[in-house]
$ cat query_15.json   # JSON, C-alpha atoms
[["chain", "number", "residue", "atom", "x", "y", "z"],
["G", 513, "ARG", "CA", -14.41, 23.99, -3.70],
["G", 514, "VAL", "CA", -14.42, 20.38, -4.84],
["G", 515, "LEU", "CA", -12.32, 19.20, -1.91],
["G", 516, "PRO", "CA", -15.09, 19.33, 0.74],
["G", 517, "VAL", "CA", -17.26, 17.08, -1.45],
["G", 518, "VAL", "CA", -14.46, 14.59, -2.26],
["G", 519, "ALA", "CA", -12.92, 14.46, 1.21],
["G", 520, "PRO", "CA", -15.94, 12.88, 2.98],
["G", 521, "ARG", "CA", -16.13, 10.24, 0.25],
["G", 522, "LEU", "CA", -12.46, 9.41, 0.69],
["G", 523, "ARG", "CA", -12.88, 9.19, 4.47],
["G", 524, "TRP", "CA", -15.83, 6.85, 4.00],
["G", 525, "ALA", "CA", -13.80, 4.63, 1.64],
["G", 526, "ARG", "CA", -10.88, 4.58, 4.07],
["G", 527, "GLN", "CA", -13.19, 3.61, 6.95],
["G", 528, "ILE", "CA", -14.31, 0.56, 4.99],
["G", 529, "ARG", "CA", -10.74, -0.74, 4.73],
["G", 530, "PHE", "CA", -9.20, 0.36, 8.05],
["G", 531, "ARG", "CA", -10.74, 0.48, 11.51],
["G", 532, "GLN", "CA", -10.60, 3.67, 13.55],
["G", 533, "SER", "CA", -9.50, 2.34, 16.92],
["G", 534, "PRO", "CA", -6.27, 0.34, 17.17],
["G", 535, "VAL", "CA", -7.80, -2.15, 19.62],
["G", 536, "LEU", "CA", -10.73, -4.39, 18.76],
["G", 537, "ALA", "CA", -12.31, -6.98, 21.02],
["G", 538, "HIS", "CA", -12.25, -9.93, 18.60],
["G", 539, "SER", "CA", -14.13, -12.11, 21.07],
["G", 540, "ARG", "CA", -17.20, -9.86, 20.61],
["G", 541, "LEU", "CA", -17.42, -10.69, 16.89],
["G", 542, "HIS", "CA", -19.01, -13.81, 15.42],
["G", 543, "TRP", "CA", -16.41, -16.08, 13.76],
["G", 544, "TYR", "CA", -17.58, -18.66, 11.22],
["G", 545, "ARG", "CA", -15.97, -22.08, 11.65],
["G", 546, "ALA", "CA", -18.21, -23.85, 9.13],
["G", 547, "GLN", "CA", -18.69, -23.07, 5.44],
["G", 548, "THR", "CA", -21.02, -20.18, 4.81],
["G", 549, "ARG", "CA", -22.98, -19.35, 1.66],
["G", 550, "THR", "CA", -20.52, -16.53, 1.01],
["G", 551, "TYR", "CA", -17.61, -18.98, 1.19],
["G", 552, "ARG", "CA", -19.28, -21.50, -1.15],
["G", 553, "PHE", "CA", -20.29, -18.78, -3.63],
["G", 554, "THR", "CA", -16.81, -17.26, -3.65],
["G", 555, "ALA", "CA", -14.87, -20.55, -3.76],
["G", 556, "ARG", "CA", -17.08, -22.45, -6.22],
["G", 557, "ILE", "CA", -18.59, -19.75, -8.49],
["G", 558, "LEU", "CA", -16.97, -16.29, -8.25],
["G", 559, "ALA", "CA", -13.27, -17.23, -8.05],
["G", 560, "PRO", "CA", -13.45, -19.84, -10.86],
["G", 561, "ALA", "CA", -15.35, -17.40, -13.11],
["G", 562, "VAL", "CA", -12.82, -14.60, -12.60],
["G", 563, "LEU", "CA", -9.90, -16.99, -13.05],
["G", 564, "LYS", "CA", -11.36, -18.43, -16.25],
["G", 565, "LEU", "CA", -11.84, -14.95, -17.73],
["G", 566, "PHE", "CA", -8.49, -13.43, -16.81],
["G", 567, "ALA", "CA", -5.96, -16.20, -16.09],
["G", 568, "ARG", "CA", -4.65, -19.59, -17.17],
["G", 569, "VAL", "CA", -4.09, -21.43, -13.91],
["G", 570, "THR", "CA", -2.04, -24.60, -13.51],
["G", 571, "VAL", "CA", -2.01, -26.42, -10.18],
["G", 572, "ASP", "CA", 0.61, -29.01, -9.33],
["G", 573, "GLY", "CA", 0.97, -31.07, -6.14],
["G", 574, "LEU", "CA", -2.56, -30.63, -4.80],
["G", 575, "ASP", "CA", -2.36, -34.23, -3.60],
["G", 576, "ASN", "CA", 0.17, -33.05, -0.97],
["G", 577, "VAL", "CA", -2.66, -31.35, 0.95],
["G", 578, "PRO", "CA", -4.20, -33.92, 3.32],
["G", 579, "LEU", "CA", -7.94, -34.47, 2.85],
["G", 580, "ASN", "CA", -8.51, -34.75, 6.60],
["G", 581, "GLY", "CA", -6.77, -33.72, 9.78],
["G", 582, "PRO", "CA", -5.19, -30.41, 10.71],
["G", 583, "VAL", "CA", -2.76, -28.73, 8.32],
["G", 584, "ILE", "CA", -1.08, -25.35, 7.90],
["G", 585, "LEU", "CA", -0.78, -23.95, 4.37],
["G", 586, "ALA", "CA", 2.11, -21.49, 4.03],
["G", 587, "ALA", "CA", 1.91, -19.53, 0.75],
["G", 588, "ASN", "CA", 3.69, -16.52, -0.65],
["G", 589, "HIS", "CA", 1.53, -13.42, -1.13],
["G", 590, "ARG", "CA", 2.04, -11.47, -4.36],
["G", 591, "ASP", "CA", -1.51, -10.23, -4.97],
["G", 592, "ASN", "CA", -5.00, -9.94, -3.45],
["G", 593, "LEU", "CA", -6.05, -12.89, -5.62],
["G", 594, "ASP", "CA", -3.86, -15.37, -3.68],
["G", 595, "PRO", "CA", -6.30, -16.26, -0.86],
["G", 596, "TYR", "CA", -9.10, -16.80, -3.38],
["G", 597, "LEU", "CA", -6.91, -19.26, -5.29],
["G", 598, "LEU", "CA", -6.52, -21.28, -2.10],
["G", 599, "LEU", "CA", -10.27, -21.17, -1.41],
["G", 600, "ASN", "CA", -10.93, -22.38, -4.95],
["G", 601, "PHE", "CA", -8.36, -25.16, -5.32],
["G", 602, "VAL", "CA", -8.07, -26.68, -1.83],
["G", 603, "PRO", "CA", -11.00, -29.12, -1.48],
["G", 604, "ARG", "CA", -11.48, -28.29, 2.22],
["G", 605, "LEU", "CA", -12.64, -25.25, 4.18],
["G", 606, "VAL", "CA", -9.62, -22.94, 4.44],
["G", 607, "HIS", "CA", -9.34, -20.37, 7.23],
["G", 608, "THR", "CA", -6.98, -17.59, 6.17],
["G", 609, "ALA", "CA", -4.92, -15.25, 8.34],
["G", 610, "ALA", "CA", -5.48, -11.68, 7.14],
["G", 611, "ARG", "CA", -4.19, -8.26, 8.09],
["G", 612, "PRO", "CA", -5.59, -7.21, 11.48],
["G", 613, "ASP", "CA", -6.55, -3.64, 10.49],
["G", 614, "GLY", "CA", -9.19, -4.99, 8.08],
["G", 615, "PHE", "CA", -11.37, -6.36, 10.88],
["G", 616, "GLY", "CA", -14.00, -4.37, 12.71],
["G", 617, "THR", "CA", -14.73, -2.11, 9.73],
["G", 618, "GLY", "CA", -18.25, -3.11, 8.80],
["G", 619, "GLY", "CA", -18.66, -4.54, 5.31],
["G", 620, "LEU", "CA", -15.12, -5.76, 4.71],
["G", 621, "CYS", "CA", -14.92, -7.36, 8.15],
["G", 622, "GLY", "CA", -18.24, -9.13, 7.65],
["G", 623, "VAL", "CA", -17.25, -10.56, 4.26],
["G", 624, "TRP", "CA", -13.81, -11.64, 5.45],
["G", 625, "ARG", "CA", -15.25, -13.43, 8.49],
["G", 626, "ARG", "CA", -17.77, -15.25, 6.28],
["G", 627, "LEU", "CA", -14.87, -16.30, 4.06],
["G", 628, "GLY", "CA", -13.15, -17.87, 7.07],
["G", 629, "ALA", "CA", -10.54, -15.14, 7.54],
["G", 630, "PHE", "CA", -9.18, -14.19, 10.95],
["G", 631, "PRO", "CA", -6.69, -11.51, 12.05],
["G", 632, "ALA", "CA", -2.99, -12.34, 12.01],
["G", 633, "ASP", "CA", -2.29, -11.05, 15.51],
["G", 634, "ALA", "CA", -2.00, -12.54, 19.02],
["G", 635, "TRP", "CA", -5.75, -13.23, 19.24],
["G", 636, "GLY", "CA", -5.66, -14.75, 15.75],
["G", 637, "MET", "CA", -2.81, -17.04, 16.79],
["G", 638, "ARG", "CA", -4.93, -18.47, 19.61],
["G", 639, "TYR", "CA", -7.92, -18.77, 17.25],
["G", 640, "ALA", "CA", -5.77, -20.57, 14.64],
["G", 641, "LEU", "CA", -4.51, -23.01, 17.28],
["G", 642, "THR", "CA", -8.15, -23.75, 18.19],
["G", 643, "LEU", "CA", -9.01, -24.34, 14.52],
["G", 644, "LEU", "CA", -6.04, -26.70, 14.15],
["G", 645, "LYS", "CA", -6.99, -28.55, 17.33],
["G", 646, "GLU", "CA", -10.42, -29.12, 15.74],
["G", 647, "GLY", "CA", -8.77, -30.58, 12.61],
["G", 648, "GLY", "CA", -9.09, -27.52, 10.36],
["G", 649, "VAL", "CA", -6.99, -26.00, 7.60],
["G", 650, "VAL", "CA", -5.24, -22.70, 8.32],
["G", 651, "ALA", "CA", -3.62, -20.72, 5.50],
["G", 652, "VAL", "CA", -0.95, -18.20, 6.41],
["G", 653, "PHE", "CA", 1.03, -15.82, 4.23],
["G", 654, "PRO", "CA", 4.44, -15.55, 5.96],
["G", 655, "GLN", "CA", 5.18, -12.20, 4.31],
["G", 656, "ALA", "CA", 2.18, -10.72, 6.21],
["G", 657, "THR", "CA", 1.62, -8.22, 3.37],
["G", 658, "ILE", "CA", 1.59, -8.30, -0.40],
["G", 659, "SER", "CA", 5.22, -8.43, -1.44],
["G", 660, "ALA", "CA", 7.44, -10.08, -4.03],
["G", 661, "ASN", "CA", 10.20, -10.40, -1.42],
["G", 662, "ILE", "CA", 9.71, -13.62, 0.53],
["G", 663, "GLY", "CA", 12.76, -12.83, 2.67],
["G", 664, "GLN", "CA", 10.64, -10.54, 4.86],
["G", 665, "ALA", "CA", 8.66, -13.40, 6.40],
["G", 666, "SER", "CA", 7.07, -13.17, 9.84],
["G", 667, "GLY", "CA", 7.25, -15.96, 12.39],
["G", 668, "PHE", "CA", 3.50, -16.69, 12.42],
["G", 669, "VAL", "CA", 3.81, -20.01, 10.54],
["G", 670, "GLY", "CA", 6.70, -21.21, 12.69],
["G", 671, "LEU", "CA", 4.90, -20.39, 15.92],
["G", 672, "LEU", "CA", 1.73, -22.15, 14.73],
["G", 673, "ALA", "CA", 3.72, -25.24, 13.74],
["G", 674, "LEU", "CA", 5.68, -25.21, 17.00],
["G", 675, "TYR", "CA", 2.68, -24.88, 19.31],
["G", 676, "SER", "CA", 0.32, -27.16, 17.36],
["G", 677, "GLY", "CA", 2.68, -29.87, 16.06],
["G", 678, "VAL", "CA", 0.74, -29.80, 12.79],
["G", 679, "PRO", "CA", 2.39, -30.39, 9.37],
["G", 680, "VAL", "CA", 3.08, -27.38, 7.17],
["G", 681, "VAL", "CA", 2.47, -27.56, 3.41],
["G", 682, "PRO", "CA", 4.47, -24.87, 1.56],
["G", 683, "ILE", "CA", 2.73, -23.34, -1.46],
["G", 684, "ALA", "CA", 4.32, -21.23, -4.19],
["G", 685, "ILE", "CA", 1.98, -18.96, -6.13],
["G", 686, "CYS", "CA", 3.38, -17.28, -9.25],
["G", 687, "GLY", "CA", 1.77, -14.90, -11.71],
["G", 688, "THR", "CA", -1.19, -13.47, -9.79],
["G", 689, "GLU", "CA", 0.36, -10.00, -9.84],
["G", 690, "SER", "CA", 0.00, -9.96, -13.64],
["G", 691, "VAL", "CA", -3.77, -10.68, -13.64],
["G", 692, "HIS", "CA", -5.53, -7.53, -14.85],
["G", 693, "MET", "CA", -9.24, -7.08, -15.43],
["G", 694, "ARG", "CA", -8.91, -5.60, -18.92],
["G", 695, "TRP", "CA", -9.36, -8.03, -21.77],
["G", 696, "PRO", "CA", -11.27, -11.16, -20.75],
["G", 697, "PHE", "CA", -10.37, -14.27, -22.79],
["G", 698, "VAL", "CA", -8.06, -12.17, -25.05],
["G", 699, "TRP", "CA", -5.02, -11.77, -22.80],
["G", 700, "ARG", "CA", -4.98, -14.15, -19.84],
["G", 701, "ALA", "CA", -2.09, -14.18, -17.40],
["G", 702, "ARG", "CA", -0.30, -17.44, -16.62],
["G", 703, "VAL", "CA", -0.70, -18.35, -12.96],
["G", 704, "SER", "CA", 0.88, -21.39, -11.37],
["G", 705, "VAL", "CA", 0.22, -22.84, -7.93]]

$ encode --input "query_15.json" --output "structure tokens"
Amino acid sequence: RVLPVVAPRLRWARQIRFRQSPVLAHSRLHWYRAQTRTYRFTARILAPAVLKLFARVTVDGLDNVPLNGPVILAANHRDNLDPYLLLNFVPRLVHTAARPDGFGTGGLCGVWRRLGAFPADAWGMRYALTLLKEGGVVAVFPQATISANIGQASGFVGLLALYSGVPVVPIAICGTESVHMRWPFVWRARVSV
């Protein structure tokens, strides 16, 4: 008798993460090319606070990211925390390629778009090329999903680099998979970028 009560809640939670229809007209949505309040709050306040509580982060080679002009950031993707690390540490507005099924789902889609995310599909490729033509920063996770195996990389970064002629800055992120929200300040995971 509990199942009818739990099942609608689970369906609602699933609808937040995944859209119902497989096709979404991305051109009908509003895409944020400038920094939003959500981006500034997340990059400058929320991400640093969470990192300070639960991780010891070391960043090396940040000077390899150009301060102006178009650039592609290619990072491995071991945890959901990875894009927020890039938003926090890169001193420019970073537009991140994200999984396409997360767009068009209401709350999650709205937050992701305000954070500068765009879908990693054919429409997203054209959008990323436009961002790069305007001198922006595009971050791509070649694995396309959270995985410790970097050998399963997609060709998204290569195609962007080929069609745009923009330099690619490789980024290695280690340790984010061991960040757990249990004991703030007591046990902090070591994360290196």

$ residues_around --input "query_15.json" --residues "stretch 572-578 of chain G" --least-positions-apart "6" --cutoff "10 Å" --atoms "all atoms listed in the file" --output "number ranges by chain"
G: 584-585, 601-604, 649, 679-683, 704-705

$ residues_around --input "query_15.json" --residues "G:Thr550" --least-positions-apart "3" --cutoff "9 Å" --atoms "all atoms listed in the file" --output "list in words"
Gln547, Phe553, Thr554, Ala555, Val623, Arg626 and Leu627 of chain G

$ atom_distance --input "query_15.json" --atom1 "atom CA of G:Arg549" --atom2 "atom CA of G:Gly648"
18.3 Å

$ atom_distance --input "query_15.json" --atom1 "atom CA of G:Ala640" --atom2 "atom CA of G:Tyr551"
18.0 Å

$ residues_around --input "query_15.json" --residues "G:Glu689" --least-positions-apart "5" --cutoff "12 Å" --atoms "only C-alpha atoms" --output "number ranges by chain"
G: 566-567, 588-594, 658-660, 701-704

$ closest_residue --input "query_15.json" --among "G:Gly636, G:Gly622, G:Pro560, G:Gly628" --to "G:His538" --atoms "only C-alpha atoms"
G:Gly636

$ atom_distance --input "query_15.json" --atom1 "atom CA of G:His607" --atom2 "atom CA of G:Ala632"
11.3 Å

$ residues_near_point --input "query_15.json" --point "(-5.1, -23.7, 8.7)" --cutoff "9 Å" --atoms "all atoms listed in the file" --output "list in words"
Pro582, Val583, Ile584, Leu585, Ala586, Leu605, Val606, His607, Thr608, Ala609, Ala640, Leu641, Leu643, Leu644, Gly647, Gly648, Val649, Val650, Ala651 and Val652 of chain G

$ write_last_selection --input "query_15.json" --atoms "C-alpha atoms" --output "mmCIF file, in the coordinates of the input"
data_model
loop_
_atom_site.group_PDB
_atom_site.id
_atom_site.type_symbol
_atom_site.label_atom_id
_atom_site.label_comp_id
_atom_site.auth_asym_id
_atom_site.auth_seq_id
_atom_site.Cartn_x
_atom_site.Cartn_y
_atom_site.Cartn_z
ATOM 1 C CA PRO G 582 -5.190 -30.410 10.710
ATOM 2 C CA VAL G 583 -2.760 -28.730 8.320
ATOM 3 C CA ILE G 584 -1.080 -25.350 7.900
ATOM 4 C CA LEU G 585 -0.780 -23.950 4.370
ATOM 5 C CA ALA G 586 2.110 -21.490 4.030
ATOM 6 C CA LEU G 605 -12.640 -25.250 4.180
ATOM 7 C CA VAL G 606 -9.620 -22.940 4.440
ATOM 8 C CA HIS G 607 -9.340 -20.370 7.230
ATOM 9 C CA THR G 608 -6.980 -17.590 6.170
ATOM 10 C CA ALA G 609 -4.920 -15.250 8.340
ATOM 11 C CA ALA G 640 -5.770 -20.570 14.640
ATOM 12 C CA LEU G 641 -4.510 -23.010 17.280
ATOM 13 C CA LEU G 643 -9.010 -24.340 14.520
ATOM 14 C CA LEU G 644 -6.040 -26.700 14.150
ATOM 15 C CA GLY G 647 -8.770 -30.580 12.610
ATOM 16 C CA GLY G 648 -9.090 -27.520 10.360
ATOM 17 C CA VAL G 649 -6.990 -26.000 7.600
ATOM 18 C CA VAL G 650 -5.240 -22.700 8.320
ATOM 19 C CA ALA G 651 -3.620 -20.720 5.500
ATOM 20 C CA VAL G 652 -0.950 -18.200 6.410
#

$ decode --input "query_15.json" --residues "stretch 633-647 of chain G" --atoms "all heavy atoms" --output "JSON list (two decimals), in the first residue's frame"
[["chain", "number", "residue", "atom", "x", "y", "z"],
["G", 633, "ASP", "N", 25.46, 18.08, -27.51],
["G", 633, "ASP", "CA", 24.89, 17.39, -28.66],
["G", 633, "ASP", "C", 25.17, 18.24, -29.90],
["G", 633, "ASP", "O", 25.99, 19.16, -29.86],
["G", 633, "ASP", "CB", 23.39, 17.14, -28.46],
["G", 633, "ASP", "CG", 22.58, 18.41, -28.20],
["G", 633, "ASP", "OD1", 23.15, 19.52, -28.32],
["G", 633, "ASP", "OD2", 21.39, 18.29, -27.89],
["G", 634, "ALA", "N", 24.51, 17.94, -31.02],
["G", 634, "ALA", "CA", 24.79, 18.67, -32.27],
["G", 634, "ALA", "C", 24.46, 20.15, -32.13],
["G", 634, "ALA", "O", 25.22, 21.01, -32.59],
["G", 634, "ALA", "CB", 24.00, 18.04, -33.43],
["G", 635, "TRP", "N", 23.32, 20.48, -31.50],
["G", 635, "TRP", "CA", 22.98, 21.88, -31.29],
["G", 635, "TRP", "C", 24.02, 22.55, -30.39],
["G", 635, "TRP", "O", 24.45, 23.67, -30.64],
["G", 635, "TRP", "CB", 21.58, 22.02, -30.68],
["G", 635, "TRP", "CG", 21.18, 23.44, -30.50],
["G", 635, "TRP", "CD1", 20.53, 24.22, -31.41],
["G", 635, "TRP", "CD2", 21.46, 24.28, -29.37],
["G", 635, "TRP", "NE1", 20.37, 25.50, -30.91],
["G", 635, "TRP", "CE2", 20.93, 25.55, -29.66],
["G", 635, "TRP", "CE3", 22.10, 24.10, -28.16],
["G", 635, "TRP", "CZ2", 21.02, 26.62, -28.77],
["G", 635, "TRP", "CZ3", 22.19, 25.15, -27.27],
["G", 635, "TRP", "CH2", 21.65, 26.40, -27.58],
["G", 636, "GLY", "N", 24.43, 21.85, -29.34],
["G", 636, "GLY", "CA", 25.44, 22.37, -28.42],
["G", 636, "GLY", "C", 26.77, 22.61, -29.10],
["G", 636, "GLY", "O", 27.50, 23.55, -28.76],
["G", 637, "MET", "N", 27.13, 21.78, -30.07],
["G", 637, "MET", "CA", 28.37, 21.98, -30.83],
["G", 637, "MET", "C", 28.31, 23.32, -31.58],
["G", 637, "MET", "O", 29.27, 24.10, -31.54],
["G", 637, "MET", "CB", 28.57, 20.82, -31.81],
["G", 637, "MET", "CG", 29.72, 21.01, -32.76],
["G", 637, "MET", "SD", 31.31, 20.85, -31.98],
["G", 637, "MET", "CE", 31.42, 19.09, -31.91],
["G", 638, "ARG", "N", 27.20, 23.58, -32.22],
["G", 638, "ARG", "CA", 27.06, 24.87, -32.94],
["G", 638, "ARG", "C", 27.08, 26.04, -31.95],
["G", 638, "ARG", "O", 27.69, 27.08, -32.23],
["G", 638, "ARG", "CB", 25.78, 24.86, -33.77],
["G", 638, "ARG", "CG", 25.82, 23.91, -34.94],
["G", 638, "ARG", "CD", 24.64, 24.06, -35.86],
["G", 638, "ARG", "NE", 23.37, 23.72, -35.23],
["G", 638, "ARG", "CZ", 22.88, 22.49, -35.14],
["G", 638, "ARG", "NH1", 23.54, 21.48, -35.67],
["G", 638, "ARG", "NH2", 21.73, 22.27, -34.55],
["G", 639, "TYR", "N", 26.43, 25.87, -30.81],
["G", 639, "TYR", "CA", 26.41, 26.92, -29.79],
["G", 639, "TYR", "C", 27.82, 27.17, -29.25],
["G", 639, "TYR", "O", 28.24, 28.31, -29.08],
["G", 639, "TYR", "CB", 25.46, 26.52, -28.66],
["G", 639, "TYR", "CG", 25.31, 27.54, -27.58],
["G", 639, "TYR", "CD1", 24.61, 28.73, -27.79],
["G", 639, "TYR", "CD2", 25.87, 27.34, -26.32],
["G", 639, "TYR", "CE1", 24.46, 29.67, -26.79],
["G", 639, "TYR", "CE2", 25.73, 28.27, -25.32],
["G", 639, "TYR", "CZ", 25.02, 29.44, -25.56],
["G", 639, "TYR", "OH", 24.89, 30.37, -24.56],
["G", 640, "ALA", "N", 28.57, 26.10, -29.00],
["G", 640, "ALA", "CA", 29.94, 26.22, -28.50],
["G", 640, "ALA", "C", 30.83, 26.93, -29.53],
["G", 640, "ALA", "O", 31.67, 27.76, -29.16],
["G", 640, "ALA", "CB", 30.52, 24.85, -28.17],
["G", 641, "LEU", "N", 30.65, 26.62, -30.80],
["G", 641, "LEU", "CA", 31.43, 27.31, -31.84],
["G", 641, "LEU", "C", 31.10, 28.81, -31.86],
["G", 641, "LEU", "O", 32.00, 29.64, -32.05],
["G", 641, "LEU", "CB", 31.15, 26.68, -33.21],
["G", 641, "LEU", "CG", 31.76, 25.29, -33.43],
["G", 641, "LEU", "CD1", 31.23, 24.66, -34.70],
["G", 641, "LEU", "CD2", 33.27, 25.37, -33.45],
["G", 642, "THR", "N", 29.84, 29.16, -31.62],
["G", 642, "THR", "CA", 29.46, 30.57, -31.53],
["G", 642, "THR", "C", 30.12, 31.24, -30.34],
["G", 642, "THR", "O", 30.63, 32.36, -30.43],
["G", 642, "THR", "CB", 27.93, 30.70, -31.43],
["G", 642, "THR", "OG1", 27.33, 30.05, -32.54],
["G", 642, "THR", "CG2", 27.50, 32.16, -31.41],
["G", 643, "LEU", "N", 30.12, 30.55, -29.19],
["G", 643, "LEU", "CA", 30.76, 31.10, -27.99],
["G", 643, "LEU", "C", 32.26, 31.32, -28.22],
["G", 643, "LEU", "O", 32.82, 32.34, -27.82],
["G", 643, "LEU", "CB", 30.56, 30.16, -26.79],
["G", 643, "LEU", "CG", 29.14, 30.05, -26.24],
["G", 643, "LEU", "CD1", 29.06, 28.91, -25.24],
["G", 643, "LEU", "CD2", 28.71, 31.35, -25.60],
["G", 644, "LEU", "N", 32.90, 30.36, -28.87],
["G", 644, "LEU", "CA", 34.34, 30.48, -29.15],
["G", 644, "LEU", "C", 34.61, 31.61, -30.15],
["G", 644, "LEU", "O", 35.60, 32.32, -30.02],
["G", 644, "LEU", "CB", 34.89, 29.16, -29.66],
["G", 644, "LEU", "CG", 34.92, 28.03, -28.63],
["G", 644, "LEU", "CD1", 35.25, 26.70, -29.30],
["G", 644, "LEU", "CD2", 35.90, 28.33, -27.52],
["G", 645, "LYS", "N", 33.73, 31.77, -31.12],
["G", 645, "LYS", "CA", 33.89, 32.86, -32.09],
["G", 645, "LYS", "C", 33.81, 34.21, -31.40],
["G", 645, "LYS", "O", 34.45, 35.18, -31.80],
["G", 645, "LYS", "CB", 32.82, 32.75, -33.17],
["G", 645, "LYS", "CG", 33.06, 33.66, -34.35],
["G", 645, "LYS", "CD", 31.96, 33.51, -35.38],
["G", 645, "LYS", "CE", 32.08, 32.16, -36.06],
["G", 645, "LYS", "NZ", 31.11, 31.97, -37.15],
["G", 646, "GLU", "N", 33.02, 34.27, -30.31],
["G", 646, "GLU", "CA", 32.87, 35.51, -29.54],
["G", 646, "GLU", "C", 33.99, 35.70, -28.51],
["G", 646, "GLU", "O", 33.98, 36.65, -27.75],
["G", 646, "GLU", "CB", 31.52, 35.53, -28.83],
["G", 646, "GLU", "CG", 30.34, 35.59, -29.77],
["G", 646, "GLU", "CD", 29.01, 35.40, -29.07],
["G", 646, "GLU", "OE1", 28.99, 35.17, -27.83],
["G", 646, "GLU", "OE2", 27.98, 35.49, -29.75],
["G", 647, "GLY", "N", 34.94, 34.75, -28.46],
["G", 647, "GLY", "CA", 36.07, 34.87, -27.54],
["G", 647, "GLY", "C", 35.84, 34.26, -26.18],
["G", 647, "GLY", "O", 36.52, 34.60, -25.22]]
